[in-house]
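Asker: Data: entry09.cif, mmCIF, C-alpha atoms.
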data_run
loop_
_atom_site.label_atom_id
_atom_site.label_comp_id
_atom_site.auth_asym_id
_atom_site.auth_seq_id
_atom_site.Cartn_x
_atom_site.Cartn_y
_atom_site.Cartn_z
CA MET A 53 130.48 86.79 113.64
CA THR A 54 127.22 87.44 111.81
CA VAL A 55 126.93 89.34 108.54
CA ASN A 56 123.17 89.50 108.13
CA PRO A 57 121.62 91.79 110.78
CA ALA A 58 118.66 89.43 111.06
CA ASP A 59 121.05 86.93 112.69
CA ALA A 60 122.93 89.39 114.89
CA PRO A 61 122.64 89.55 118.69
CA VAL A 62 121.74 93.27 118.71
CA LEU A 63 120.07 94.05 115.38
CA GLY A 64 118.34 90.70 115.52
CA ALA A 65 115.99 92.33 118.04
CA LEU A 66 114.62 94.37 115.13
CA TYR A 67 114.77 91.80 112.36
CA GLY A 68 113.31 88.30 112.45
CA SER A 69 112.57 86.45 115.67
CA ASP A 70 114.35 84.15 118.09
CA ALA A 71 111.60 81.59 117.57
CA MET A 72 112.13 81.46 113.82
CA ARG A 73 115.90 81.52 114.12
CA ALA A 74 115.59 78.44 116.34
CA VAL A 75 113.46 76.74 113.67
CA MET A 76 115.46 77.77 110.60
CA GLY A 77 119.01 78.17 111.92
CA GLU A 78 121.99 75.93 111.19
CA ARG A 79 121.63 73.95 114.42
CA ALA A 80 118.04 73.16 113.44
CA PHE A 81 119.26 72.12 109.98
CA LEU A 82 121.86 69.74 111.39
CA SER A 83 119.28 68.30 113.79
CA ALA A 84 116.80 67.85 110.95
CA MET A 85 119.36 66.03 108.82
CA LEU A 86 120.05 63.69 111.72
CA ARG A 87 116.29 63.07 112.03
CA VAL A 88 116.17 62.14 108.37
CA GLU A 89 119.08 59.71 108.73
CA VAL A 90 117.37 58.11 111.73
CA ALA A 91 114.08 57.84 109.85
CA LEU A 92 115.89 56.18 106.94
CA ALA A 93 117.57 53.67 109.25
CA ARG A 94 114.36 52.83 111.11
CA ALA A 95 112.39 52.44 107.88
CA GLN A 96 115.00 50.08 106.48
CA ALA A 97 115.17 48.12 109.73
CA ARG A 98 111.40 47.54 109.63
CA LEU A 99 111.80 46.21 106.10
CA GLY A 100 114.70 43.93 107.04
CA ILE A 101 117.23 45.82 104.95
CA ILE A 102 119.49 46.72 107.87
CA PRO A 103 119.70 45.16 111.35
CA PRO A 104 117.26 46.67 113.89
CA ALA A 105 120.10 47.03 116.38
CA ALA A 106 121.99 49.16 113.85
CA ALA A 107 118.98 51.44 113.42
CA GLU A 108 118.69 51.95 117.17
CA ALA A 109 122.41 52.60 117.51
CA ILE A 110 122.18 55.20 114.74
CA ALA A 111 119.19 56.81 116.50
CA ALA A 112 121.03 56.90 119.83
CA ALA A 113 124.07 58.52 118.21
CA ALA A 114 122.09 61.18 116.33
CA ASP A 115 122.65 64.01 118.78
CA VAL A 116 123.55 67.39 117.30
CA ASP A 117 125.54 68.27 120.42
CA ARG A 118 127.91 65.38 119.73
CA LEU A 119 128.88 66.65 116.28
CA ASP A 120 132.32 68.19 115.79
CA LEU A 121 131.27 71.35 113.95
CA ARG A 122 134.81 72.52 113.26
CA ALA A 123 135.68 69.25 111.57
CA MET A 124 132.38 69.31 109.72
CA ALA A 125 133.08 72.80 108.42
CA GLU A 126 136.49 71.75 107.12
CA ALA A 127 135.02 68.73 105.37
CA THR A 128 132.14 70.75 103.96
CA ARG A 129 134.55 73.29 102.51
CA ASN A 130 136.28 70.43 100.73
CA THR A 131 133.26 68.44 99.46
CA GLY A 132 130.79 71.28 98.97
CA TYR A 133 128.07 69.65 101.11
CA PRO A 134 127.66 68.98 104.85
CA VAL A 135 126.11 65.53 104.49
CA VAL A 136 129.32 63.61 103.81
CA ALA A 137 130.83 64.93 107.02
CA LEU A 138 127.61 64.44 108.97
CA VAL A 139 127.31 60.81 107.85
CA ARG A 140 130.95 60.14 108.65
CA GLN A 141 130.57 61.50 112.17
CA LEU A 142 127.21 59.82 112.74
CA SER A 143 128.65 56.49 111.59
CA ALA A 144 131.58 56.84 113.97
CA LEU A 145 129.29 57.77 116.87
CA ALA A 146 127.04 54.79 116.16
CA GLY A 147 129.97 52.37 116.28
CA GLU A 148 131.69 50.33 113.62
CA GLU A 149 129.03 47.61 113.33
CA ALA A 150 126.03 49.93 113.17
CA GLY A 151 127.80 52.79 111.42
CA ARG A 152 128.30 50.89 108.21
CA TRP A 153 124.50 50.90 107.68
CA THR A 154 124.18 54.67 107.92
CA HIS A 155 122.83 56.56 104.87
CA TRP A 156 122.04 53.26 103.13
CA GLY A 157 120.90 53.90 99.54
CA ALA A 158 120.43 57.65 100.01
CA THR A 159 122.07 60.61 98.35
CA THR A 160 123.15 63.95 99.78
CA GLN A 161 120.25 65.89 98.36
CA ASP A 162 117.71 63.45 99.82
CA ILE A 163 118.91 64.29 103.30
CA MET A 164 119.27 68.02 102.81
CA ASP A 165 115.97 68.53 100.99
CA THR A 166 113.96 66.48 103.45
CA ALA A 167 115.60 68.29 106.36
CA THR A 168 114.71 71.61 104.76
CA VAL A 169 111.10 70.47 104.38
CA LEU A 170 110.95 69.55 108.07
CA MET A 171 112.21 73.02 108.98
CA MET A 172 109.82 74.75 106.61
CA ARG A 173 106.95 72.74 108.06
CA ASP A 174 107.81 74.05 111.52
CA GLY A 175 108.31 77.55 110.13
CA LEU A 176 104.90 77.59 108.47
CA ALA A 177 103.26 76.34 111.67
CA LEU A 178 104.86 79.22 113.57
CA ILE A 179 103.75 81.76 110.99
CA ASP A 180 100.25 80.34 110.81
CA ALA A 181 99.78 80.53 114.58
CA ASP A 182 100.87 84.16 114.76
CA LEU A 183 98.86 85.02 111.67
CA ALA A 184 95.78 83.65 113.43
CA ARG A 185 96.55 86.02 116.33
CA LEU A 186 96.93 88.95 113.95
CA ASN A 187 93.66 88.15 112.20
CA ALA A 188 91.82 87.94 115.51
CA ALA A 189 93.19 91.33 116.58
CA LEU A 190 92.20 92.94 113.28
CA ALA A 191 88.74 91.38 113.49
CA ARG A 192 88.22 92.91 116.93
CA MET A 193 89.32 96.29 115.61
CA ALA A 194 87.08 96.09 112.54
CA ALA A 195 84.07 95.21 114.68
CA ALA A 196 84.78 97.94 117.23
CA HIS A 197 85.08 100.62 114.54
CA ARG A 198 82.46 99.47 112.05
CA HIS A 199 80.65 102.82 112.52
CA THR A 200 83.68 105.09 113.07
CA VAL A 201 83.38 107.39 110.06
CA MET A 202 86.55 108.74 108.48
CA ALA A 203 87.77 110.14 105.20
CA GLY A 204 88.45 107.59 102.52
CA ARG A 205 91.37 108.73 100.38
CA THR A 206 92.38 108.07 96.79
CA HIS A 207 95.59 109.50 95.32
CA LEU A 208 96.24 110.74 98.91
CA GLN A 209 93.24 113.10 98.64
CA HIS A 210 89.81 112.98 100.27
CA ALA A 211 87.56 110.79 98.13
CA LEU A 212 84.43 109.49 99.91
CA PRO A 213 83.59 108.66 103.52
CA VAL A 214 84.39 105.17 104.79
CA THR A 215 84.55 103.75 108.27
CA PHE A 216 87.74 102.79 110.03
CA GLY A 217 86.28 99.33 110.49
CA TYR A 218 85.92 99.08 106.71
CA LYS A 219 89.59 100.02 106.29
CA VAL A 220 90.63 97.36 108.79
CA ALA A 221 88.44 94.78 107.05
CA VAL A 222 90.28 95.58 103.81
CA TRP A 223 93.51 94.78 105.66
CA LEU A 224 92.07 91.61 107.15
CA SER A 225 90.52 89.96 104.11
CA PRO A 226 93.77 89.03 102.31
CA LEU A 227 95.25 87.80 105.58
CA ILE A 228 92.36 85.36 105.97
CA THR A 229 93.21 84.20 102.46
CA MET A 230 96.87 83.85 103.50
CA ARG A 231 95.92 81.22 106.06
CA GLU A 232 93.94 79.41 103.37
CA ARG A 233 97.01 79.58 101.12
CA ILE A 234 99.21 78.14 103.86
CA ALA A 235 96.82 75.21 104.30
CA GLN A 236 96.72 74.66 100.54
CA CYS A 237 100.49 74.96 100.12
CA ARG A 238 101.49 72.56 102.86
CA PRO A 239 100.58 69.31 101.07
CA ARG A 240 102.61 70.44 98.06
CA LEU A 241 105.59 71.31 100.25
CA GLU A 242 105.58 68.71 103.00
CA ARG A 243 106.75 65.80 100.87
CA LEU A 244 109.61 63.40 101.40
CA GLN A 245 112.65 63.69 99.17
CA PHE A 246 114.13 60.25 98.63
CA GLY A 247 115.34 59.21 95.22
CA GLY A 248 118.95 58.16 95.51
CA ALA A 249 121.72 59.21 93.20
CA ALA A 250 119.70 60.12 90.10
CA GLY A 251 116.18 59.89 91.47
CA THR A 252 115.43 56.28 90.50
CA LEU A 253 116.20 54.55 93.85
CA ALA A 254 118.23 52.02 91.86
CA SER A 255 120.51 51.31 94.84
CA LEU A 256 117.61 49.74 96.76
CA GLY A 257 116.29 47.62 93.92
CA GLU A 258 112.71 46.45 94.40
CA GLN A 259 112.60 47.75 97.96
CA GLY A 260 113.05 51.42 97.05
CA LEU A 261 109.38 52.36 97.05
CA ALA A 262 108.77 50.51 100.32
CA VAL A 263 111.64 52.37 101.99
CA GLN A 264 110.26 55.62 100.65
CA ARG A 265 106.82 54.84 102.07
CA GLU A 266 108.11 53.81 105.51
CA MET A 267 110.49 56.75 105.71
CA ALA A 268 107.71 59.22 104.90
CA ALA A 269 105.51 57.68 107.59
CA GLU A 270 108.34 57.98 110.11
CA LEU A 271 108.68 61.72 109.40
CA GLY A 272 104.99 62.51 108.91
CA LEU A 273 105.52 63.58 105.31
CA ALA A 274 103.69 62.74 102.11
CA VAL A 275 105.15 60.41 99.48
CA PRO A 276 105.61 62.35 96.20
CA ASP A 277 104.66 60.86 92.88
CA ILE A 278 108.31 61.19 91.80
CA PRO A 279 111.48 62.51 93.47
CA TRP A 280 111.69 66.27 93.12
CA HIS A 281 115.46 66.78 93.13
CA VAL A 282 115.17 69.13 90.16
CA ALA A 283 111.46 70.04 90.37
CA ARG A 284 111.46 72.86 92.92
CA ASP A 285 107.93 74.22 92.73
CA GLY A 286 107.04 73.20 96.29
CA VAL A 287 109.81 75.10 98.05
CA ALA A 288 109.54 78.01 95.62
CA GLU A 289 105.79 78.25 96.24
CA ALA A 290 106.35 78.50 99.99
CA ILE A 291 108.71 81.44 99.58
CA CYS A 292 106.33 83.11 97.13
CA LEU A 293 103.60 82.68 99.73
CA LEU A 294 105.78 84.49 102.26
CA GLY A 295 106.20 87.25 99.69
CA LEU A 296 102.42 87.56 99.36
CA LEU A 297 102.03 87.63 103.13
CA CYS A 298 104.60 90.38 103.42
CA GLY A 299 102.87 92.33 100.67
CA ALA A 300 99.63 92.25 102.66
CA LEU A 301 101.44 93.27 105.84
CA SER A 302 103.13 96.11 103.95
CA LYS A 303 99.72 97.51 103.01
CA ILE A 304 98.80 97.75 106.70
CA ALA A 305 102.12 99.35 107.63
CA THR A 306 101.89 101.89 104.81
CA ASP A 307 98.38 102.95 105.79
CA VAL A 308 99.24 103.26 109.46
CA MET A 309 102.36 105.33 108.71
CA LEU A 310 100.36 107.73 106.57
CA LEU A 311 97.61 108.02 109.15
CA MET A 312 100.23 108.66 111.87
CA GLN A 313 101.57 111.79 110.18
CA THR A 314 101.35 114.81 112.47
CA GLU A 315 99.01 116.61 110.08
CA VAL A 316 96.68 113.57 109.95
CA ALA A 317 97.12 111.95 113.40
CA GLU A 318 94.16 109.59 113.12
CA VAL A 319 95.95 106.54 114.53
CA ALA A 320 99.17 105.86 116.42
CA GLU A 321 101.32 102.85 117.13
CA PRO A 322 101.24 101.72 120.75
CA HIS A 323 103.60 103.88 122.77
CA ALA A 324 106.04 103.09 125.56
CA PRO A 325 108.65 105.41 127.09
CA GLY A 326 111.39 105.95 124.52
CA ARG A 327 109.70 103.92 121.80
CA GLY A 328 110.19 105.45 118.37
CA GLY A 329 112.29 108.19 119.88
CA SER A 330 115.02 110.32 118.36
CA SER A 331 118.54 110.90 119.63
CA THR A 332 118.04 114.64 119.20
CA MET A 333 114.30 115.41 118.96
CA PRO A 334 112.55 114.62 122.24
CA GLN A 335 109.06 114.93 120.79
CA LYS A 336 109.42 112.16 118.20
CA ARG A 337 107.24 109.06 118.19
CA ASN A 338 108.27 107.41 114.95
CA PRO A 339 106.30 104.53 113.35
CA ILE A 340 108.95 101.96 114.25
CA ALA A 341 106.82 98.84 113.86
CA CYS A 342 105.57 100.01 110.46
CA GLU A 343 109.11 100.74 109.34
CA TYR A 344 110.30 97.25 110.21
CA VAL A 345 107.29 95.60 108.61
CA LEU A 346 108.26 97.36 105.39
CA ALA A 347 112.00 96.76 105.70
CA GLN A 348 111.67 93.04 106.37
CA SER A 349 108.98 92.65 103.71
CA ARG A 350 111.29 94.16 101.13
CA GLY A 351 113.94 91.70 102.22
CA VAL A 352 111.55 88.81 101.59
CA HIS A 353 110.49 90.26 98.25
CA ALA A 354 114.13 90.44 97.20
CA LEU A 355 114.51 86.72 97.93
CA VAL A 356 111.49 85.57 95.93
CA PRO A 357 113.24 86.05 92.54
CA LEU A 358 116.19 84.03 93.81
CA MET A 359 113.89 81.07 94.48
CA LEU A 360 112.11 81.44 91.17
CA GLY A 361 115.40 81.65 89.32
CA ALA A 362 116.60 78.53 91.13
CA MET A 363 113.79 76.52 89.53
CA ALA A 364 115.83 76.27 86.32
CA GLN A 365 117.74 73.20 87.50
CA ASP A 366 119.79 71.26 85.03
CA LEU A 367 119.20 67.61 84.16
CA GLU A 368 119.01 65.22 87.16
CA ARG A 369 121.06 67.28 89.65
CA ALA A 370 121.54 71.03 89.59
CA THR A 371 124.91 72.74 89.35
CA GLY A 372 124.28 76.02 91.15
CA PRO A 373 120.54 76.75 91.36
CA TRP A 374 119.92 74.23 94.16
CA GLN A 375 122.93 75.55 96.05
CA ALA A 376 121.44 79.06 95.88
CA GLU A 377 118.24 78.10 97.70
CA PRO A 378 119.71 78.02 101.23
CA LEU A 379 120.60 81.71 100.81
CA ALA A 380 116.88 82.47 100.58
CA VAL A 381 114.83 79.92 102.52
CA GLY A 382 115.90 80.55 106.10
CA GLN A 383 116.14 84.32 105.74
CA ALA A 384 112.76 84.56 104.01
CA PHE A 385 111.09 82.70 106.86
CA ASN A 386 112.93 84.72 109.49
CA LEU A 387 112.19 88.11 107.96
CA ALA A 388 108.57 87.21 107.22
CA HIS A 389 108.03 86.18 110.81
CA GLY A 390 109.71 89.36 111.98
CA ALA A 391 107.37 91.44 109.81
CA LEU A 392 104.39 89.48 111.13
CA LEU A 393 105.38 90.10 114.76
CA GLN A 394 105.76 93.83 114.10
CA ALA A 395 102.30 93.83 112.52
CA LEU A 396 100.99 92.14 115.66
CA VAL A 397 102.39 94.99 117.74
CA ILE A 398 100.40 97.40 115.58
CA ALA A 399 97.17 95.41 115.52
CA GLU A 400 97.08 94.58 119.21
CA GLY A 401 97.88 98.08 120.43
CA LEU A 402 96.87 100.61 117.77
CA SER A 403 95.47 103.86 119.18
CA VAL A 404 92.51 105.15 117.14
CA ASP A 405 91.46 108.81 117.42
CA ALA A 406 87.84 108.87 116.23
CA ALA A 407 87.46 112.57 117.08
CA ARG A 408 90.44 113.46 114.90
CA MET A 409 89.00 111.34 112.11
CA ARG A 410 85.80 113.36 112.30
CA ARG A 411 87.66 116.69 112.28
CA ASN A 412 89.65 115.62 109.25
CA LEU A 413 86.48 114.41 107.57
CA ASP A 414 84.99 117.89 107.97
CA LEU A 415 88.07 119.73 106.67
CA THR A 416 86.60 120.13 103.20
CA GLY A 417 83.26 121.45 104.36
CA GLY A 418 81.17 118.62 102.96
CA MET A 419 82.97 118.29 99.64
CA ILE A 420 83.90 114.71 100.48
CA VAL A 421 80.30 113.79 99.65
CA ALA A 422 80.11 115.79 96.44
CA GLU A 423 79.31 112.56 94.64
CA GLN A 424 76.24 112.12 96.86
CA VAL A 425 75.05 115.61 95.91
CA MET A 426 75.65 114.88 92.25
CA MET A 427 73.65 111.65 92.47
CA GLY A 428 70.86 113.55 94.27
CA LEU A 429 70.66 116.15 91.50
CA ALA A 430 71.07 113.75 88.60
CA PRO A 431 67.40 112.67 88.45
CA TYR A 432 66.45 116.32 87.88
CA LEU A 433 69.29 117.55 85.68
CA GLY A 434 70.90 114.47 84.21
CA ARG A 435 74.21 113.10 85.40
CA GLY A 436 76.45 115.26 83.20
CA ARG A 437 74.77 118.55 84.11
CA ALA A 438 74.66 117.58 87.79
CA HIS A 439 78.37 116.75 87.76
CA HIS A 440 79.16 120.11 86.15
CA LEU A 441 77.11 122.06 88.71
CA VAL A 442 78.56 120.28 91.73
CA ASN A 443 82.08 120.69 90.36
CA ALA A 444 81.47 124.43 90.03
CA ALA A 445 80.05 124.51 93.55
CA CYS A 446 83.17 122.82 94.92
CA ASP A 447 85.40 125.35 93.12
CA ARG A 448 83.42 128.21 94.66
CA ALA A 449 83.48 126.63 98.13
CA LEU A 450 87.26 126.37 97.97
CA ALA A 451 87.72 129.89 96.60
CA GLU A 452 85.32 131.52 99.05
CA GLY A 453 86.11 129.45 102.14
CA ARG A 454 82.51 128.30 102.50
CA THR A 455 80.91 124.91 103.03
CA LEU A 456 79.54 123.02 100.07
CA ALA A 457 76.04 123.16 101.53
CA GLU A 458 76.20 126.97 101.76
CA VAL A 459 77.30 127.33 98.16
CA LEU A 460 74.73 124.84 96.89
CA ALA A 461 71.92 126.65 98.70
CA SER A 462 72.89 129.89 96.95
CA MET A 463 72.74 128.34 93.47
CA PRO A 464 69.31 128.75 91.80
CA GLU A 465 69.89 125.67 89.63
CA VAL A 466 70.17 123.62 92.81
CA SER A 467 67.64 125.31 95.09
CA ALA A 468 65.01 124.90 92.38
CA HIS A 469 65.14 121.15 93.01
CA LEU A 470 66.51 120.64 96.52
CA THR A 471 65.29 122.12 99.79
CA PRO A 472 67.83 123.29 102.41
CA GLU A 473 67.03 120.17 104.43
CA ALA A 474 67.71 117.98 101.41
CA ILE A 475 71.00 119.77 100.76
CA ARG A 476 72.06 119.25 104.39
CA ALA A 477 71.17 115.56 104.13
CA LEU A 478 73.12 115.17 100.91
CA THR A 479 76.22 116.79 102.44
CA ASP A 480 76.21 114.56 105.54
CA PRO A 481 79.14 112.11 105.33
CA GLU A 482 77.47 109.60 107.63
CA ALA A 483 74.65 109.25 105.13
CA TYR A 484 76.94 108.12 102.32
CA LEU A 485 78.68 104.97 103.51
CA GLY A 486 77.12 102.64 100.98
CA SER A 487 77.68 98.98 101.86
CA ALA A 488 80.71 99.58 104.08
CA VAL A 489 79.18 97.89 107.14
CA ALA A 490 77.92 94.97 105.07
CA PHE A 491 81.40 94.44 103.66
CA ILE A 492 82.85 94.40 107.19
CA ASP A 493 80.33 91.77 108.21
CA ARG A 494 81.21 89.63 105.19
CA VAL A 495 84.90 89.65 106.10
CA LEU A 496 84.20 88.90 109.76
CA ALA A 497 81.91 86.07 108.74
CA ARG A 498 84.79 84.52 106.77
CA LEU A 499 86.84 84.53 109.93
CA GLY A 500 83.98 83.25 112.04
CA SER A 501 83.84 86.46 114.06
CA GLY A 502 80.69 88.00 112.61
#
Now, as a test, write the supplied structure out as structure tokens.
Answerer:
Amino acid sequence: MTVNPADAPVLGALYGSDAMRAVMGERAFLSAMLRVEVALARAQARLGIIPPAAAEAIAAAADVDRLDLRAMAEATRNTGYPVVALVRQLSALAGEEAGRWTHWGATTQDIMDTATVLMMRDGLALIDADLARLNAALARMAAAHRHTVMAGRTHLQHALPVTFGYKVAVWLSPLITMRERIAQCRPRLERLQFGGAAGTLASLGEQGLAVQREMAAELGLAVPDIPWHVARDGVAEAICLLGLLCGALSKIATDVMLLMQTEVAEVAEPHAPGRGGSSTMPQKRNPIACEYVLAQSRGVHALVPLMLGAMAQDLERATGPWQAEPLAVGQAFNLAHGALLQALVIAEGLSVDAARMRRNLDLTGGMIVAEQVMMGLAPYLGRGRAHHLVNAACDRALAEGRTLAEVLASMPEVSAHLTPEAIRALTDPEAYLGSAVAFIDRVLARLGSG
């Protein structure tokens, strides 16, 4: 029976992903620990520490389906770690002669940490691939709507005109950086853990470093400068990275939800019969993907402090902080991937209503470009006086239900300097987009899509 809905057969359809559960689940963990034990045996066989036949027997026996999970659970409850039980069963499966060479010179944390790194490596690869898909979808959207003018909003109010492509480019830019961060993080994360009982590899004497090197090569991992049993920055950084990713995804989801409001209705999540429906209100099309981006992101953000707190590990082996990490790592990867997949649903199927954007842009009768009018008057009146006049004109436009251009044309202080044609030009939102298109092109150039 599952407790976390992200691991449940029904609610798991909303949280996380089957692909990430396969990568980060307990079966994957047991398989990864067996891989580490096999890599250790093969490395030591190449160095003449254990018989080659023993290494091959250990490799042949390292099948997760042959493990007695019930017995392993009982032993784990007693010892506090699964490795003792795993090694005992692996040794028995390998046979008496080969089994006595299993786990030679290693410690429990070597096996568990390296297994976790192997899983996180696969998890980051999965996230990176889907993030590349998301970025490509957003790039297509930004390019398609580079000239789709809409209201830019600050403090939830009309501010200045932007284009929808500009808005999407703002979403995209940090996600391009996220892929850079993944590439930069991986060398710091994907490192072998092999230090023996207290991190000195004393049990292997002069051969410890050679075993470490061969074992790392077997697993495709880097050799660290020193065992990191109690130096947890690599794994903590990876979870913090997932927190940053989810923060960027949350920005997209928040914007889309706000733009989907009935009174705004400028975009909509992709629709299918029954999607986002209500049990009682037939008309509802709720922002389901956005909601689950936000929910899962908050789950990841709640796990980041756990990983940061677990960095305070005591002496040469932690009593508690290390044991807390498994509560965060798998779930953070699963929820982050779930949020990413929901963002993909949005990006690959978002409906954009350019006509509604234009109607909303015109709701304030040109006041959205009041700054443009002020800047047009400033050379004649000075900035302060121009700001005061345009502010008064906006107040009158609101009170009288008139457009800003109409009010401005009736003000002698304005008409003395600006012709009606100039006033109309200064109150045209499409004429006040600044460098929006150039910014879009910069972002697309970073992605290689410009």
Asker: To one decimal in Å, tell me the separation between atom CA of Ile163 of chain A and atom CA of Val90 of chain A.
Answerer: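 So the two atoms, atom CA of Ile163 of chain A and atom CA of Val90 of chain A, lie 10.6 Å apart.
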Asker: I want to know what sits within 6 Å of segment 338-347 of chain A, based on all atoms listed in the file, with residues of the same chain fewer than 4 positions away left out; could you give that as a VMD selection string?
Answerer: chain A and resid 302 305 328 391 394
Asker: Give me the residues within 12 Å of Leu244 of chain A as a VMD selection string, counting all atoms listed in the file and dropping any in the same chain fewer than 3 places off.
Answerer: chain A and resid 88 91 to 92 161 to 170 173 239 to 241 247 261 263 to 281 286
Asker: What would the selection look like, as a list in words, if the PyMOL selection byres ((chain A and resi 117-121) around 10) were run on the coordinates I just shared?
Answerer: Arg79, Leu82, Ser83, Ala113, Ala114, Asp115, Val116, Arg122, Ala123, Met124, Ala125, Glu126, Ala127, Ala137, Leu138, Gln141, Leu142 and Leu145 of chain A
Asker: Calculated over only C-alpha atoms, which of the candidates A:Ala158, A:Ala483, A:Leu379, A:Ile398 has the smallest distance to Met309 of chain A?
Answerer: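 Using only C-alpha atoms, Met309 of chain A sits closest to A:Ile398.
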Asker: Would you write out, as a PyMOL selection string, every residue that the PyMOL selection byres ((chain A and resi 188-192) around 7) captures in this file?
Answerer: chain A and resi 184-187+193-196+220+224+399-400+496+501
Asker: Restricting it to C-alpha atoms, dump the selection as a short mmCIF file (atom, residue, chain, number, x, y, z; two decimals), in the coordinates of the input.
Answerer:
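The result, written out as out_38.cif:
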data_model
loop_
_atom_site.label_atom_id
_atom_site.label_comp_id
_atom_site.auth_asym_id
_atom_site.auth_seq_id
_atom_site.Cartn_x
_atom_site.Cartn_y
_atom_site.Cartn_z
CA ALA A 184 95.78 83.65 113.43
CA ARG A 185 96.55 86.02 116.33
CA LEU A 186 96.93 88.95 113.95
CA ASN A 187 93.66 88.15 112.20
CA MET A 193 89.32 96.29 115.61
CA ALA A 194 87.08 96.09 112.54
CA ALA A 195 84.07 95.21 114.68
CA ALA A 196 84.78 97.94 117.23
CA VAL A 220 90.63 97.36 108.79
CA LEU A 224 92.07 91.61 107.15
CA ALA A 399 97.17 95.41 115.52
CA GLU A 400 97.08 94.58 119.21
CA LEU A 496 84.20 88.90 109.76
CA SER A 501 83.84 86.46 114.06
#
Asker: Kindly indicate which residue among A:Leu183, A:Ala146, A:Leu310, A:Ile304 lies nearest to Leu208 of chain A, using all atoms listed in the file for the distances.
Answerer: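 With all atoms listed in the file as the atom set, the closest residue is A:Leu310.
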Asker: What does the distance between atom CA of Met426 of chain A and atom CA of Ser467 of chain A come to in Å, to one decimal place?
Answerer: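 Going from atom CA of Met426 of chain A over to atom CA of Ser467 of chain A, I get 13.5 Å.
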Asker: Identify all residues satisfying the PyMOL selection byres ((chain A and resi 429) around 10) in the given file; provide them as a short mmCIF file (atom, residue, chain, number, x, y, z; two decimals) with C-alpha atoms, in the coordinates of the input.
Answerer:
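And here is the file that came out, result-v5.cif:
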data_model
loop_
_atom_site.label_atom_id
_atom_site.label_comp_id
_atom_site.auth_asym_id
_atom_site.auth_seq_id
_atom_site.Cartn_x
_atom_site.Cartn_y
_atom_site.Cartn_z
CA GLU A 423 79.31 112.56 94.64
CA GLN A 424 76.24 112.12 96.86
CA VAL A 425 75.05 115.61 95.91
CA MET A 426 75.65 114.88 92.25
CA MET A 427 73.65 111.65 92.47
CA GLY A 428 70.86 113.55 94.27
CA ALA A 430 71.07 113.75 88.60
CA PRO A 431 67.40 112.67 88.45
CA TYR A 432 66.45 116.32 87.88
CA LEU A 433 69.29 117.55 85.68
CA GLY A 434 70.90 114.47 84.21
CA ARG A 435 74.21 113.10 85.40
CA ARG A 437 74.77 118.55 84.11
CA ALA A 438 74.66 117.58 87.79
CA HIS A 439 78.37 116.75 87.76
CA LEU A 441 77.11 122.06 88.71
CA VAL A 442 78.56 120.28 91.73
CA GLU A 465 69.89 125.67 89.63
CA VAL A 466 70.17 123.62 92.81
CA HIS A 469 65.14 121.15 93.01
CA LEU A 470 66.51 120.64 96.52
CA ILE A 475 71.00 119.77 100.76
CA LEU A 478 73.12 115.17 100.91
#
Asker: With distances taken over only C-alpha atoms, which of A:Ser403, A:Thr252, A:Thr471, A:Asn386 is nearest to Glu321 of chain A?
Answerer: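 Of A:Ser403, A:Thr252, A:Thr471, A:Asn386, the one nearest Glu321 of chain A is A:Ser403, counting only C-alpha atoms.
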Asker: What's around Leu413 of chain A at 6 Å? Count only C-alpha atoms, leave out sequence neighbours fewer than 3 positions away in its own chain, and write the answer as a list of chain:residue names.
Answerer: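 Answer for this query is A:Met202, A:Ala203, A:Arg410.
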Asker: Can you work out which one of A:Thr159, A:Gly100, A:Arg231, A:Gly418 has the shortest atom-to-atom distance to Tyr133 of chain A, counting all atoms listed in the file?
Answerer: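 Of all the options, A:Thr159 lies closest to Tyr133 of chain A.
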Asker: Determine the nearest neighbour of Pro373 of chain A from the options A:Val222, A:Val139, A:Val282, A:Met312, counting only C-alpha atoms.
Answerer: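 Ranked by minimum distance to Pro373 of chain A, first place goes to A:Val282.
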Asker: Please list as a list in words every residue within 9 Å of segment 68-75 of chain A, counting only C-alpha atoms and excluding residues in the same chain fewer than 6 positions away.
Answerer: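 Contacts, with the query itself left out: Ala58, Asp59, Phe81, Met171, Met172, Asp174, Gly175, Leu178, Ile179, Gln348, Gly382, Gln383, Phe385, Asn386, Leu387, Ala388, His389, Gly390, Ala391 and Leu393 of chain A.
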Asker: So how far away is atom CA of Thr128 of chain A from atom CA of Leu358 of chain A, in Å?
Answerer: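 Distance reported for this atom pair: 23.1 Å.
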Asker: Compile the contact shell of Ala211 of chain A as a PyMOL selection string: residues with an atom at most 10 Å away, counting all atoms listed in the file, same-chain residues fewer than 6 positions apart removed.
Answerer: chain A and resi 203-205+419-423
Asker: My list of candidates is A:Val201, A:Leu297, A:Ala254, A:Ala370. Which is closest to Asn412 of chain A when distances are computed with all atoms listed in the file?
Answerer: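 The answer is A:Val201, which sits nearest to Asn412 of chain A.
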